$ cat my_file_27.txt   # compact mmCIF, N, CA and C atoms
# COMPACT_ATOMS: atom_id res chain seq x y z
N MET S 1354 -86.31 -50.11 33.58
CA MET S 1354 -85.80 -49.22 34.60
C MET S 1354 -84.74 -48.32 33.97
N ILE S 1355 -84.60 -47.13 34.51
CA ILE S 1355 -83.58 -46.22 34.01
C ILE S 1355 -82.51 -46.08 35.08
N GLY S 1356 -81.27 -46.40 34.71
CA GLY S 1356 -80.15 -46.35 35.64
C GLY S 1356 -78.97 -45.61 35.06
N HIS S 1357 -77.86 -45.71 35.74
CA HIS S 1357 -76.64 -44.98 35.41
C HIS S 1357 -75.47 -45.95 35.48
N ILE S 1358 -74.66 -46.00 34.43
CA ILE S 1358 -73.50 -46.89 34.46
C ILE S 1358 -72.44 -46.29 35.38
N GLU S 1359 -72.16 -46.96 36.46
CA GLU S 1359 -71.16 -46.52 37.42
C GLU S 1359 -69.76 -46.86 36.95
N SER S 1360 -69.60 -48.05 36.35
CA SER S 1360 -68.28 -48.45 35.85
C SER S 1360 -68.47 -49.47 34.74
N TYR S 1361 -67.46 -49.53 33.87
CA TYR S 1361 -67.45 -50.53 32.80
C TYR S 1361 -66.01 -50.90 32.52
N ASP S 1362 -65.72 -52.18 32.47
CA ASP S 1362 -64.38 -52.69 32.20
C ASP S 1362 -64.38 -53.33 30.81
N LYS S 1363 -63.66 -52.71 29.87
CA LYS S 1363 -63.61 -53.21 28.50
C LYS S 1363 -62.95 -54.59 28.42
N ASP S 1364 -61.96 -54.81 29.27
CA ASP S 1364 -61.21 -56.07 29.22
C ASP S 1364 -62.08 -57.29 29.55
N ILE S 1365 -62.85 -57.18 30.61
CA ILE S 1365 -63.68 -58.33 30.98
C ILE S 1365 -65.13 -58.16 30.52
N GLN S 1366 -65.41 -57.03 29.88
CA GLN S 1366 -66.71 -56.73 29.27
C GLN S 1366 -67.87 -56.84 30.25
N THR S 1367 -67.68 -56.28 31.42
CA THR S 1367 -68.75 -56.22 32.41
C THR S 1367 -68.83 -54.81 32.97
N GLY S 1368 -69.99 -54.48 33.48
CA GLY S 1368 -70.19 -53.16 34.06
C GLY S 1368 -71.15 -53.21 35.22
N VAL S 1369 -71.31 -52.06 35.86
CA VAL S 1369 -72.20 -51.94 37.01
C VAL S 1369 -73.15 -50.78 36.76
N ILE S 1370 -74.44 -51.06 36.93
CA ILE S 1370 -75.48 -50.04 36.79
C ILE S 1370 -76.03 -49.73 38.17
N LYS S 1371 -76.20 -48.43 38.45
CA LYS S 1371 -76.79 -48.02 39.72
C LYS S 1371 -78.22 -47.56 39.46
N TYR S 1372 -79.14 -48.08 40.26
CA TYR S 1372 -80.55 -47.72 40.15
C TYR S 1372 -81.15 -47.68 41.55
N GLU S 1373 -81.60 -46.49 41.97
CA GLU S 1373 -82.23 -46.29 43.27
C GLU S 1373 -81.42 -46.89 44.42
N GLY S 1374 -80.14 -46.65 44.41
CA GLY S 1374 -79.27 -47.12 45.49
C GLY S 1374 -78.85 -48.57 45.39
N LYS S 1375 -79.36 -49.30 44.41
CA LYS S 1375 -78.97 -50.69 44.22
C LYS S 1375 -78.03 -50.78 43.03
N PHE S 1376 -77.19 -51.80 43.03
CA PHE S 1376 -76.23 -52.00 41.95
C PHE S 1376 -76.55 -53.31 41.22
N PHE S 1377 -76.48 -53.22 39.88
CA PHE S 1377 -76.74 -54.37 39.03
C PHE S 1377 -75.55 -54.57 38.10
N GLU S 1378 -75.05 -55.80 38.05
CA GLU S 1378 -73.93 -56.10 37.15
C GLU S 1378 -74.51 -56.52 35.80
N PHE S 1379 -73.86 -56.05 34.70
CA PHE S 1379 -74.30 -56.48 33.38
C PHE S 1379 -73.10 -56.94 32.57
N TYR S 1380 -73.38 -57.77 31.61
CA TYR S 1380 -72.37 -58.29 30.69
C TYR S 1380 -72.64 -57.75 29.30
N ILE S 1381 -71.62 -57.69 28.49
CA ILE S 1381 -71.75 -57.12 27.15
C ILE S 1381 -72.79 -57.87 26.32
N ASP S 1382 -73.06 -59.12 26.65
CA ASP S 1382 -74.07 -59.89 25.92
C ASP S 1382 -75.46 -59.26 26.04
N ALA S 1383 -75.72 -58.54 27.11
CA ALA S 1383 -77.02 -57.91 27.32
C ALA S 1383 -77.10 -56.53 26.68
N TRP S 1384 -75.99 -56.03 26.14
CA TRP S 1384 -75.93 -54.68 25.59
C TRP S 1384 -76.62 -54.64 24.23
N THR S 1385 -77.52 -53.66 24.03
CA THR S 1385 -78.31 -53.60 22.80
C THR S 1385 -77.98 -52.43 21.89
N SER S 1386 -77.21 -51.46 22.35
CA SER S 1386 -76.89 -50.27 21.56
C SER S 1386 -75.67 -50.49 20.67
N GLU S 1387 -75.58 -49.68 19.61
CA GLU S 1387 -74.43 -49.79 18.71
C GLU S 1387 -73.17 -49.22 19.34
N GLN S 1388 -73.31 -48.11 20.06
CA GLN S 1388 -72.17 -47.49 20.72
C GLN S 1388 -71.80 -48.32 21.95
N PRO S 1389 -70.50 -48.46 22.22
CA PRO S 1389 -70.09 -49.26 23.38
C PRO S 1389 -70.46 -48.55 24.70
N PRO S 1390 -70.67 -49.32 25.76
CA PRO S 1390 -70.99 -48.70 27.05
C PRO S 1390 -69.78 -48.00 27.65
N LYS S 1391 -70.05 -46.96 28.44
CA LYS S 1391 -68.98 -46.30 29.17
C LYS S 1391 -69.55 -45.72 30.45
N ALA S 1392 -68.69 -45.59 31.43
CA ALA S 1392 -69.10 -45.05 32.72
C ALA S 1392 -69.69 -43.66 32.53
N GLY S 1393 -70.78 -43.40 33.20
CA GLY S 1393 -71.43 -42.10 33.11
C GLY S 1393 -72.65 -42.09 32.21
N ASP S 1394 -72.83 -43.13 31.39
CA ASP S 1394 -73.99 -43.21 30.50
C ASP S 1394 -75.25 -43.51 31.30
N ASP S 1395 -76.35 -42.89 30.87
CA ASP S 1395 -77.65 -43.25 31.42
C ASP S 1395 -78.24 -44.33 30.52
N VAL S 1396 -78.81 -45.36 31.13
CA VAL S 1396 -79.28 -46.51 30.37
C VAL S 1396 -80.68 -46.93 30.80
N ASP S 1397 -81.35 -47.59 29.87
CA ASP S 1397 -82.62 -48.24 30.14
C ASP S 1397 -82.33 -49.73 30.19
N PHE S 1398 -82.74 -50.41 31.28
CA PHE S 1398 -82.39 -51.81 31.40
C PHE S 1398 -83.51 -52.62 32.03
N LEU S 1399 -83.47 -53.91 31.78
CA LEU S 1399 -84.39 -54.87 32.38
C LEU S 1399 -83.58 -55.81 33.25
N ALA S 1400 -84.12 -56.15 34.40
CA ALA S 1400 -83.42 -57.07 35.31
C ALA S 1400 -84.42 -58.07 35.88
N GLU S 1401 -83.96 -59.31 35.98
CA GLU S 1401 -84.75 -60.36 36.61
C GLU S 1401 -83.89 -60.98 37.71
N ASP S 1402 -84.38 -60.95 38.94
CA ASP S 1402 -83.64 -61.49 40.08
C ASP S 1402 -82.24 -60.88 40.18
N ASP S 1403 -82.16 -59.56 40.07
CA ASP S 1403 -80.90 -58.81 40.16
C ASP S 1403 -79.90 -59.15 39.05
N VAL S 1404 -80.36 -59.76 37.97
CA VAL S 1404 -79.50 -60.05 36.82
C VAL S 1404 -80.03 -59.24 35.64
N VAL S 1405 -79.15 -58.45 35.03
CA VAL S 1405 -79.55 -57.61 33.90
C VAL S 1405 -79.68 -58.50 32.67
N THR S 1406 -80.87 -58.45 32.06
CA THR S 1406 -81.12 -59.26 30.87
C THR S 1406 -81.00 -58.45 29.59
N GLU S 1407 -81.22 -57.14 29.69
CA GLU S 1407 -81.15 -56.28 28.52
C GLU S 1407 -80.81 -54.87 28.98
N VAL S 1408 -79.87 -54.23 28.29
CA VAL S 1408 -79.47 -52.87 28.66
C VAL S 1408 -79.07 -52.12 27.39
N GLY S 1409 -79.47 -50.84 27.32
CA GLY S 1409 -79.12 -50.01 26.18
C GLY S 1409 -79.14 -48.54 26.56
N LEU S 1410 -78.52 -47.73 25.74
CA LEU S 1410 -78.46 -46.30 26.00
C LEU S 1410 -79.84 -45.67 25.90
N LEU S 1411 -80.05 -44.61 26.67
CA LEU S 1411 -81.27 -43.82 26.52
C LEU S 1411 -81.20 -43.08 25.20
N GLY S 1412 -82.32 -42.71 24.66
CA GLY S 1412 -82.41 -42.10 23.33
C GLY S 1412 -81.53 -40.89 23.11
N ALA S 1413 -81.33 -40.06 24.13
CA ALA S 1413 -80.54 -38.84 23.95
C ALA S 1413 -79.09 -39.15 23.62
N TYR S 1414 -78.58 -40.30 24.05
CA TYR S 1414 -77.19 -40.64 23.81
C TYR S 1414 -76.98 -41.26 22.43
N VAL S 1415 -78.04 -41.71 21.81
CA VAL S 1415 -77.91 -42.35 20.51
C VAL S 1415 -77.74 -41.32 19.41
N LYS S 1416 -78.26 -40.11 19.61
CA LYS S 1416 -78.14 -39.04 18.61
C LYS S 1416 -76.70 -38.55 18.53
N ASP S 1417 -76.41 -37.80 17.46
CA ASP S 1417 -75.07 -37.25 17.29
C ASP S 1417 -74.71 -36.35 18.46
N ILE S 1418 -73.46 -36.39 18.84
CA ILE S 1418 -72.97 -35.57 19.94
C ILE S 1418 -72.82 -34.14 19.44
N ARG S 1419 -73.40 -33.21 20.15
CA ARG S 1419 -73.34 -31.80 19.75
C ARG S 1419 -72.34 -31.05 20.63
N PRO S 1420 -71.62 -30.10 20.01
CA PRO S 1420 -70.66 -29.32 20.80
C PRO S 1420 -71.37 -28.44 21.82
N VAL S 1421 -70.74 -28.28 22.97
CA VAL S 1421 -71.30 -27.46 24.04
C VAL S 1421 -70.33 -26.34 24.43
N LYS S 1422 -69.05 -26.64 24.49
CA LYS S 1422 -68.04 -25.68 24.94
C LYS S 1422 -67.42 -24.96 23.74
N PHE S 1423 -66.93 -23.73 23.98
CA PHE S 1423 -66.35 -22.90 22.94
C PHE S 1423 -64.83 -23.00 22.94
N ARG S 1424 -64.26 -23.32 21.80
CA ARG S 1424 -62.80 -23.45 21.65
C ARG S 1424 -62.11 -22.11 21.87
N ILE S 1425 -62.67 -21.02 21.32
CA ILE S 1425 -62.07 -19.69 21.45
C ILE S 1425 -62.03 -19.26 22.91
N LEU S 1426 -63.14 -19.46 23.63
CA LEU S 1426 -63.18 -19.10 25.06
C LEU S 1426 -62.16 -19.91 25.84
N ALA S 1427 -62.07 -21.20 25.54
CA ALA S 1427 -61.08 -22.04 26.23
C ALA S 1427 -59.67 -21.55 25.94
N GLY S 1428 -59.40 -21.13 24.69
CA GLY S 1428 -58.08 -20.60 24.34
C GLY S 1428 -57.75 -19.32 25.08
N ILE S 1429 -58.73 -18.42 25.17
CA ILE S 1429 -58.52 -17.16 25.89
C ILE S 1429 -58.28 -17.43 27.37
N LEU S 1430 -59.09 -18.31 27.95
CA LEU S 1430 -58.89 -18.67 29.36
C LEU S 1430 -57.51 -19.28 29.57
N SER S 1431 -57.07 -20.07 28.61
CA SER S 1431 -55.76 -20.71 28.73
C SER S 1431 -54.64 -19.69 28.71
N PHE S 1432 -54.72 -18.72 27.79
CA PHE S 1432 -53.69 -17.68 27.72
C PHE S 1432 -53.68 -16.81 28.97
N LEU S 1433 -54.86 -16.46 29.47
CA LEU S 1433 -54.93 -15.55 30.61
C LEU S 1433 -54.76 -16.23 31.97
N LEU S 1434 -55.39 -17.40 32.14
CA LEU S 1434 -55.40 -18.07 33.44
C LEU S 1434 -54.99 -19.53 33.36
N GLY S 1435 -54.26 -19.88 32.31
CA GLY S 1435 -53.85 -21.27 32.12
C GLY S 1435 -52.99 -21.80 33.24
N TRP S 1436 -52.22 -20.93 33.87
CA TRP S 1436 -51.36 -21.36 34.97
C TRP S 1436 -52.17 -21.83 36.17
N LEU S 1437 -53.47 -21.46 36.22
CA LEU S 1437 -54.36 -21.94 37.28
C LEU S 1437 -55.24 -23.09 36.80
N GLY S 1438 -55.07 -23.50 35.56
CA GLY S 1438 -55.85 -24.61 35.03
C GLY S 1438 -57.29 -24.27 34.71
N VAL S 1439 -57.61 -22.97 34.63
CA VAL S 1439 -59.00 -22.54 34.42
C VAL S 1439 -59.58 -23.10 33.12
N SER S 1440 -58.80 -23.12 32.05
CA SER S 1440 -59.32 -23.63 30.78
C SER S 1440 -59.63 -25.12 30.89
N ARG S 1441 -58.81 -25.85 31.63
CA ARG S 1441 -59.06 -27.28 31.80
C ARG S 1441 -60.31 -27.53 32.64
N PHE S 1442 -60.53 -26.71 33.66
CA PHE S 1442 -61.76 -26.83 34.44
C PHE S 1442 -62.96 -26.51 33.55
N TYR S 1443 -62.86 -25.48 32.72
CA TYR S 1443 -63.94 -25.11 31.80
C TYR S 1443 -64.26 -26.26 30.86
N LEU S 1444 -63.24 -26.94 30.36
CA LEU S 1444 -63.45 -28.03 29.41
C LEU S 1444 -63.84 -29.35 30.07
N GLY S 1445 -63.75 -29.42 31.39
CA GLY S 1445 -64.17 -30.63 32.10
C GLY S 1445 -63.04 -31.60 32.41
N PHE S 1446 -61.79 -31.16 32.24
CA PHE S 1446 -60.62 -32.00 32.58
C PHE S 1446 -60.13 -31.59 33.97
N TYR S 1447 -60.88 -31.98 34.99
CA TYR S 1447 -60.63 -31.51 36.35
C TYR S 1447 -59.29 -31.96 36.91
N SER S 1448 -58.92 -33.20 36.67
CA SER S 1448 -57.66 -33.69 37.24
C SER S 1448 -56.46 -32.98 36.61
N ILE S 1449 -56.54 -32.66 35.33
CA ILE S 1449 -55.44 -31.93 34.70
C ILE S 1449 -55.40 -30.50 35.23
N GLY S 1450 -56.56 -29.90 35.47
CA GLY S 1450 -56.61 -28.56 36.05
C GLY S 1450 -55.96 -28.51 37.42
N ILE S 1451 -56.23 -29.51 38.23
CA ILE S 1451 -55.61 -29.59 39.55
C ILE S 1451 -54.10 -29.80 39.40
N ALA S 1452 -53.69 -30.63 38.44
CA ALA S 1452 -52.26 -30.85 38.19
C ALA S 1452 -51.58 -29.54 37.80
N GLN S 1453 -52.25 -28.70 37.02
CA GLN S 1453 -51.66 -27.42 36.64
C GLN S 1453 -51.46 -26.52 37.85
N ILE S 1454 -52.44 -26.49 38.74
CA ILE S 1454 -52.30 -25.67 39.95
C ILE S 1454 -51.12 -26.17 40.79
N VAL S 1455 -51.04 -27.47 40.96
CA VAL S 1455 -49.95 -28.05 41.75
C VAL S 1455 -48.60 -27.76 41.09
N PHE S 1456 -48.52 -27.95 39.78
CA PHE S 1456 -47.28 -27.72 39.05
C PHE S 1456 -46.85 -26.26 39.17
N THR S 1457 -47.79 -25.33 39.01
CA THR S 1457 -47.46 -23.91 39.13
C THR S 1457 -46.99 -23.58 40.55
N THR S 1458 -47.66 -24.12 41.55
CA THR S 1458 -47.28 -23.86 42.94
C THR S 1458 -45.88 -24.38 43.23
N ILE S 1459 -45.59 -25.59 42.77
CA ILE S 1459 -44.26 -26.17 43.01
C ILE S 1459 -43.18 -25.36 42.32
N THR S 1460 -43.42 -24.97 41.07
CA THR S 1460 -42.38 -24.19 40.35
C THR S 1460 -42.22 -22.79 40.95
N MET S 1461 -43.31 -22.22 41.49
CA MET S 1461 -43.19 -20.92 42.15
C MET S 1461 -42.35 -21.05 43.43
N MET S 1462 -42.59 -22.14 44.17
CA MET S 1462 -41.85 -22.35 45.41
C MET S 1462 -40.38 -22.66 45.13
N ALA S 1463 -40.10 -23.19 43.95
CA ALA S 1463 -38.73 -23.51 43.58
C ALA S 1463 -37.97 -22.28 43.08
N GLY S 1464 -38.67 -21.15 43.00
CA GLY S 1464 -37.99 -19.91 42.63
C GLY S 1464 -38.06 -19.54 41.16
N PHE S 1465 -39.03 -20.05 40.44
CA PHE S 1465 -39.17 -19.71 39.03
C PHE S 1465 -40.14 -18.56 38.81
N GLY S 1466 -40.27 -17.66 39.76
CA GLY S 1466 -41.16 -16.50 39.60
C GLY S 1466 -42.61 -16.92 39.58
N VAL S 1467 -43.30 -16.62 38.48
CA VAL S 1467 -44.71 -16.94 38.35
C VAL S 1467 -44.91 -18.44 38.19
N GLY S 1468 -43.87 -19.14 37.87
CA GLY S 1468 -43.97 -20.58 37.72
C GLY S 1468 -44.02 -21.00 36.26
N LEU S 1469 -43.57 -22.20 36.04
CA LEU S 1469 -43.57 -22.72 34.68
C LEU S 1469 -44.98 -23.09 34.21
N GLY S 1470 -45.94 -23.01 35.10
CA GLY S 1470 -47.33 -23.26 34.73
C GLY S 1470 -47.83 -22.27 33.70
N VAL S 1471 -47.24 -21.07 33.69
CA VAL S 1471 -47.60 -20.06 32.69
C VAL S 1471 -47.27 -20.58 31.29
N VAL S 1472 -46.13 -21.22 31.15
CA VAL S 1472 -45.73 -21.79 29.85
C VAL S 1472 -46.74 -22.86 29.44
N TRP S 1473 -47.15 -23.69 30.37
CA TRP S 1473 -48.13 -24.73 30.12
C TRP S 1473 -49.43 -24.10 29.58
N GLY S 1474 -49.87 -23.03 30.23
CA GLY S 1474 -51.09 -22.34 29.79
C GLY S 1474 -50.97 -21.78 28.38
N PHE S 1475 -49.82 -21.17 28.06
CA PHE S 1475 -49.62 -20.63 26.71
C PHE S 1475 -49.59 -21.74 25.67
N MET S 1476 -48.97 -22.85 26.00
CA MET S 1476 -48.92 -23.97 25.05
C MET S 1476 -50.33 -24.52 24.80
N GLU S 1477 -51.13 -24.64 25.83
CA GLU S 1477 -52.51 -25.09 25.67
C GLU S 1477 -53.31 -24.12 24.83
N GLY S 1478 -53.15 -22.84 25.10
CA GLY S 1478 -53.85 -21.83 24.31
C GLY S 1478 -53.50 -21.94 22.83
N PHE S 1479 -52.23 -22.13 22.54
CA PHE S 1479 -51.78 -22.30 21.16
C PHE S 1479 -52.43 -23.55 20.54
N LEU S 1480 -52.44 -24.65 21.28
CA LEU S 1480 -53.04 -25.88 20.77
C LEU S 1480 -54.54 -25.73 20.53
N LEU S 1481 -55.21 -24.99 21.40
CA LEU S 1481 -56.64 -24.76 21.22
C LEU S 1481 -56.90 -23.90 19.98
N PHE S 1482 -56.14 -22.82 19.82
CA PHE S 1482 -56.36 -21.94 18.67
C PHE S 1482 -55.98 -22.57 17.34
N THR S 1483 -55.05 -23.51 17.35
CA THR S 1483 -54.67 -24.17 16.10
C THR S 1483 -55.50 -25.41 15.82
N GLY S 1484 -56.42 -25.77 16.72
CA GLY S 1484 -57.32 -26.89 16.50
C GLY S 1484 -56.76 -28.24 16.89
N HIS S 1485 -55.62 -28.28 17.56
CA HIS S 1485 -55.04 -29.56 17.98
C HIS S 1485 -55.72 -30.13 19.22
N MET S 1486 -56.33 -29.27 20.01
CA MET S 1486 -57.19 -29.71 21.11
C MET S 1486 -58.61 -29.42 20.64
N HIS S 1487 -59.40 -30.45 20.43
CA HIS S 1487 -60.70 -30.22 19.82
C HIS S 1487 -61.86 -30.94 20.50
N LYS S 1488 -61.65 -31.47 21.71
CA LYS S 1488 -62.73 -32.13 22.44
C LYS S 1488 -62.73 -31.71 23.90
N ASP S 1489 -63.93 -31.73 24.51
CA ASP S 1489 -64.03 -31.42 25.93
C ASP S 1489 -63.86 -32.70 26.75
N GLY S 1490 -64.03 -32.58 28.05
CA GLY S 1490 -63.81 -33.70 28.95
C GLY S 1490 -64.77 -34.87 28.76
N LYS S 1491 -65.90 -34.64 28.09
CA LYS S 1491 -66.85 -35.72 27.82
C LYS S 1491 -66.73 -36.24 26.39
N GLY S 1492 -65.71 -35.80 25.68
CA GLY S 1492 -65.48 -36.29 24.32
C GLY S 1492 -66.29 -35.57 23.25
N ARG S 1493 -66.98 -34.50 23.62
CA ARG S 1493 -67.77 -33.75 22.64
C ARG S 1493 -66.85 -32.79 21.90
N PRO S 1494 -67.11 -32.55 20.62
CA PRO S 1494 -66.28 -31.59 19.88
C PRO S 1494 -66.51 -30.18 20.41
N LEU S 1495 -65.52 -29.32 20.23
CA LEU S 1495 -65.64 -27.92 20.65
C LEU S 1495 -66.24 -27.10 19.53
N LYS S 1496 -67.00 -26.06 19.91
CA LYS S 1496 -67.59 -25.14 18.92
C LYS S 1496 -66.52 -24.27 18.34
$ encode --input "my_file_27.txt" --output "structure tokens"
Amino acid sequence: MIGHIESYDKDIQTGVIKYEGKFFEFYIDAWTSEQPPKAGDDVDFLAEDDVVTEVGLLGAYVKDIRPVKFRILAGILSFLLGWLGVSRFYLGFYSIGIAQIVFTTITMMAGFGVGLGVVWGFMEGFLLFTGHMHKDGKGRPLK
């Protein structure tokens, strides 16, 4: 069966796979891939009586991770619209993007003009252009 890892806890080495609206718990002993499991992975698994006996990554995840997002574009977005978190949304860091919007709004309401979020955006742009930020929200390298 092909399912989706909903959650995985490294500490207790158990996870939950969702398949057609049903949930299956698995233990690391049933894991067959070299890469460790993580939430969001699509997996191929076998289950007997709702117990997962074997689980592993689908073939697409076993290959090398290829870059999808552009570092230069993210840097430009950060310099121009970083105070709105646009570069973070582009890279897939949604919670940080929302935090930037909130931070900018709060600093604007506190009387700092455009807000200190602009400084945050410029710092991110600098980090992107110098290569210190080099992965997107899914851990893939940037082009």
$ residues_around --input "my_file_27.txt" --residues "Leu1410 of chain S" --least-positions-apart "5" --cutoff "8 Å" --atoms "only C-alpha atoms" --output "list in words"
Thr1385, Ser1386, Pro1390, Asp1394, Asp1395, Val1396, Asp1397 and Val1415 of chain S
$ residues_near_point --input "my_file_27.txt" --point "(-64.6, -29.2, 16.3)" --cutoff "12 Å" --atoms "only C-alpha atoms" --output "number ranges by chain"
S: 1418-1425, 1481-1489, 1492-1496
$ atom_distance --input "my_file_27.txt" --atom1 "atom C of Glu1401 of chain S" --atom2 "atom CA of Phe1377 of chain S"
9.8 Å
$ residues_around --input "my_file_27.txt" --residues "segment 1468-1471 of chain S" --least-positions-apart "6" --cutoff "8 Å" --atoms "all atoms listed in the file" --output "PyMOL selection string"
chain S and resi 1431-1432+1434-1438+1453-1462+1477
$ closest_residue --input "my_file_27.txt" --among "S:Asp1362, S:Ala1427, S:Val1404, S:Ala1452" --to "Ser1440 of chain S" --atoms "only N, CA and C atoms"
S:Ala1427
$ select_by_dssp --input "my_file_27.txt" --residues "segment 1354-1494 of chain S" --states "strand (DSSP E or B)" --output "PyMOL selection string"
chain S and resi 1355-1362+1367-1372+1375-1380+1384+1395-1401+1404-1410+1488+1494
$ select_by_dssp --input "my_file_27.txt" --residues "segment 1369-1458 of chain S" --states "alpha helix (DSSP H)" --output "JSON, numbers by chain"
{"S": [1412, 1413, 1414, 1415, 1424, 1425, 1426, 1427, 1428, 1429, 1430, 1431, 1432, 1433, 1434, 1439, 1440, 1441, 1442, 1443, 1444, 1447, 1448, 1449, 1450, 1451, 1452, 1453, 1454, 1455, 1456, 1457, 1458]}
$ residues_around --input "my_file_27.txt" --residues "His1357 of chain S" --least-positions-apart "2" --cutoff "6 Å" --atoms "all atoms listed in the file" --output "list in words"
Ile1355, Glu1359, Val1369, Ile1370, Lys1371, Tyr1372, Gly1393, Asp1394, Asp1395 and Val1396 of chain S
$ write_last_selection --input "my_file_27.txt" --atoms "N, CA and C atoms" --output "PDB file, keeping the file's coordinate frame"
ATOM      1  N   ILE S1355     -84.600 -47.130  34.510  1.00  0.00           N
ATOM      2  CA  ILE S1355     -83.580 -46.220  34.010  1.00  0.00           C
ATOM      3  C   ILE S1355     -82.510 -46.080  35.080  1.00  0.00           C
ATOM      4  N   GLU S1359     -72.160 -46.960  36.460  1.00  0.00           N
ATOM      5  CA  GLU S1359     -71.160 -46.520  37.420  1.00  0.00           C
ATOM      6  C   GLU S1359     -69.760 -46.860  36.950  1.00  0.00           C
ATOM      7  N   VAL S1369     -71.310 -52.060  35.860  1.00  0.00           N
ATOM      8  CA  VAL S1369     -72.200 -51.940  37.010  1.00  0.00           C
ATOM      9  C   VAL S1369     -73.150 -50.780  36.760  1.00  0.00           C
ATOM     10  N   ILE S1370     -74.440 -51.060  36.930  1.00  0.00           N
ATOM     11  CA  ILE S1370     -75.480 -50.040  36.790  1.00  0.00           C
ATOM     12  C   ILE S1370     -76.030 -49.730  38.170  1.00  0.00           C
ATOM     13  N   LYS S1371     -76.200 -48.430  38.450  1.00  0.00           N
ATOM     14  CA  LYS S1371     -76.790 -48.020  39.720  1.00  0.00           C
ATOM     15  C   LYS S1371     -78.220 -47.560  39.460  1.00  0.00           C
ATOM     16  N   TYR S1372     -79.140 -48.080  40.260  1.00  0.00           N
ATOM     17  CA  TYR S1372     -80.550 -47.720  40.150  1.00  0.00           C
ATOM     18  C   TYR S1372     -81.150 -47.680  41.550  1.00  0.00           C
ATOM     19  N   GLY S1393     -70.780 -43.400  33.200  1.00  0.00           N
ATOM     20  CA  GLY S1393     -71.430 -42.100  33.110  1.00  0.00           C
ATOM     21  C   GLY S1393     -72.650 -42.090  32.210  1.00  0.00           C
ATOM     22  N   ASP S1394     -72.830 -43.130  31.390  1.00  0.00           N
ATOM     23  CA  ASP S1394     -73.990 -43.210  30.500  1.00  0.00           C
ATOM     24  C   ASP S1394     -75.250 -43.510  31.300  1.00  0.00           C
ATOM     25  N   ASP S1395     -76.350 -42.890  30.870  1.00  0.00           N
ATOM     26  CA  ASP S1395     -77.650 -43.250  31.420  1.00  0.00           C
ATOM     27  C   ASP S1395     -78.240 -44.330  30.520  1.00  0.00           C
ATOM     28  N   VAL S1396     -78.810 -45.360  31.130  1.00  0.00           N
ATOM     29  CA  VAL S1396     -79.280 -46.510  30.370  1.00  0.00           C
ATOM     30  C   VAL S1396     -80.680 -46.930  30.800  1.00  0.00           C
TER      31      VAL S1396
END
$ closest_residue --input "my_file_27.txt" --among "S:Val1467, S:Ile1429, S:Ile1449, S:Met1354" --to "Leu1399 of chain S" --atoms "all atoms listed in the file"
S:Met1354
$ atom_distance --input "my_file_27.txt" --atom1 "atom CA of Phe1475 of chain S" --atom2 "atom CA of Gly1450 of chain S"
14.1 Å
$ atom_distance --input "my_file_27.txt" --atom1 "atom CA of Phe1446 of chain S" --atom2 "atom CA of Trp1473 of chain S"
14.7 Å
$ residues_around --input "my_file_27.txt" --residues "Ala1383 of chain S" --least-positions-apart "2" --cutoff "6.5 Å" --atoms "all atoms listed in the file" --output "ChimeraX atom specification"
/S:1379-1381,1385,1405-1409
$ closest_residue --input "my_file_27.txt" --among "S:Ile1358, S:Ile1451, S:Leu1433, S:Arg1441" --to "Leu1411 of chain S" --atoms "only C-alpha atoms"
S:Ile1358
$ closest_residue --input "my_file_27.txt" --among "S:Leu1430, S:Ala1392, S:Ile1365, S:Ala1400" --to "Gly1474 of chain S" --atoms "all atoms listed in the file"
S:Leu1430
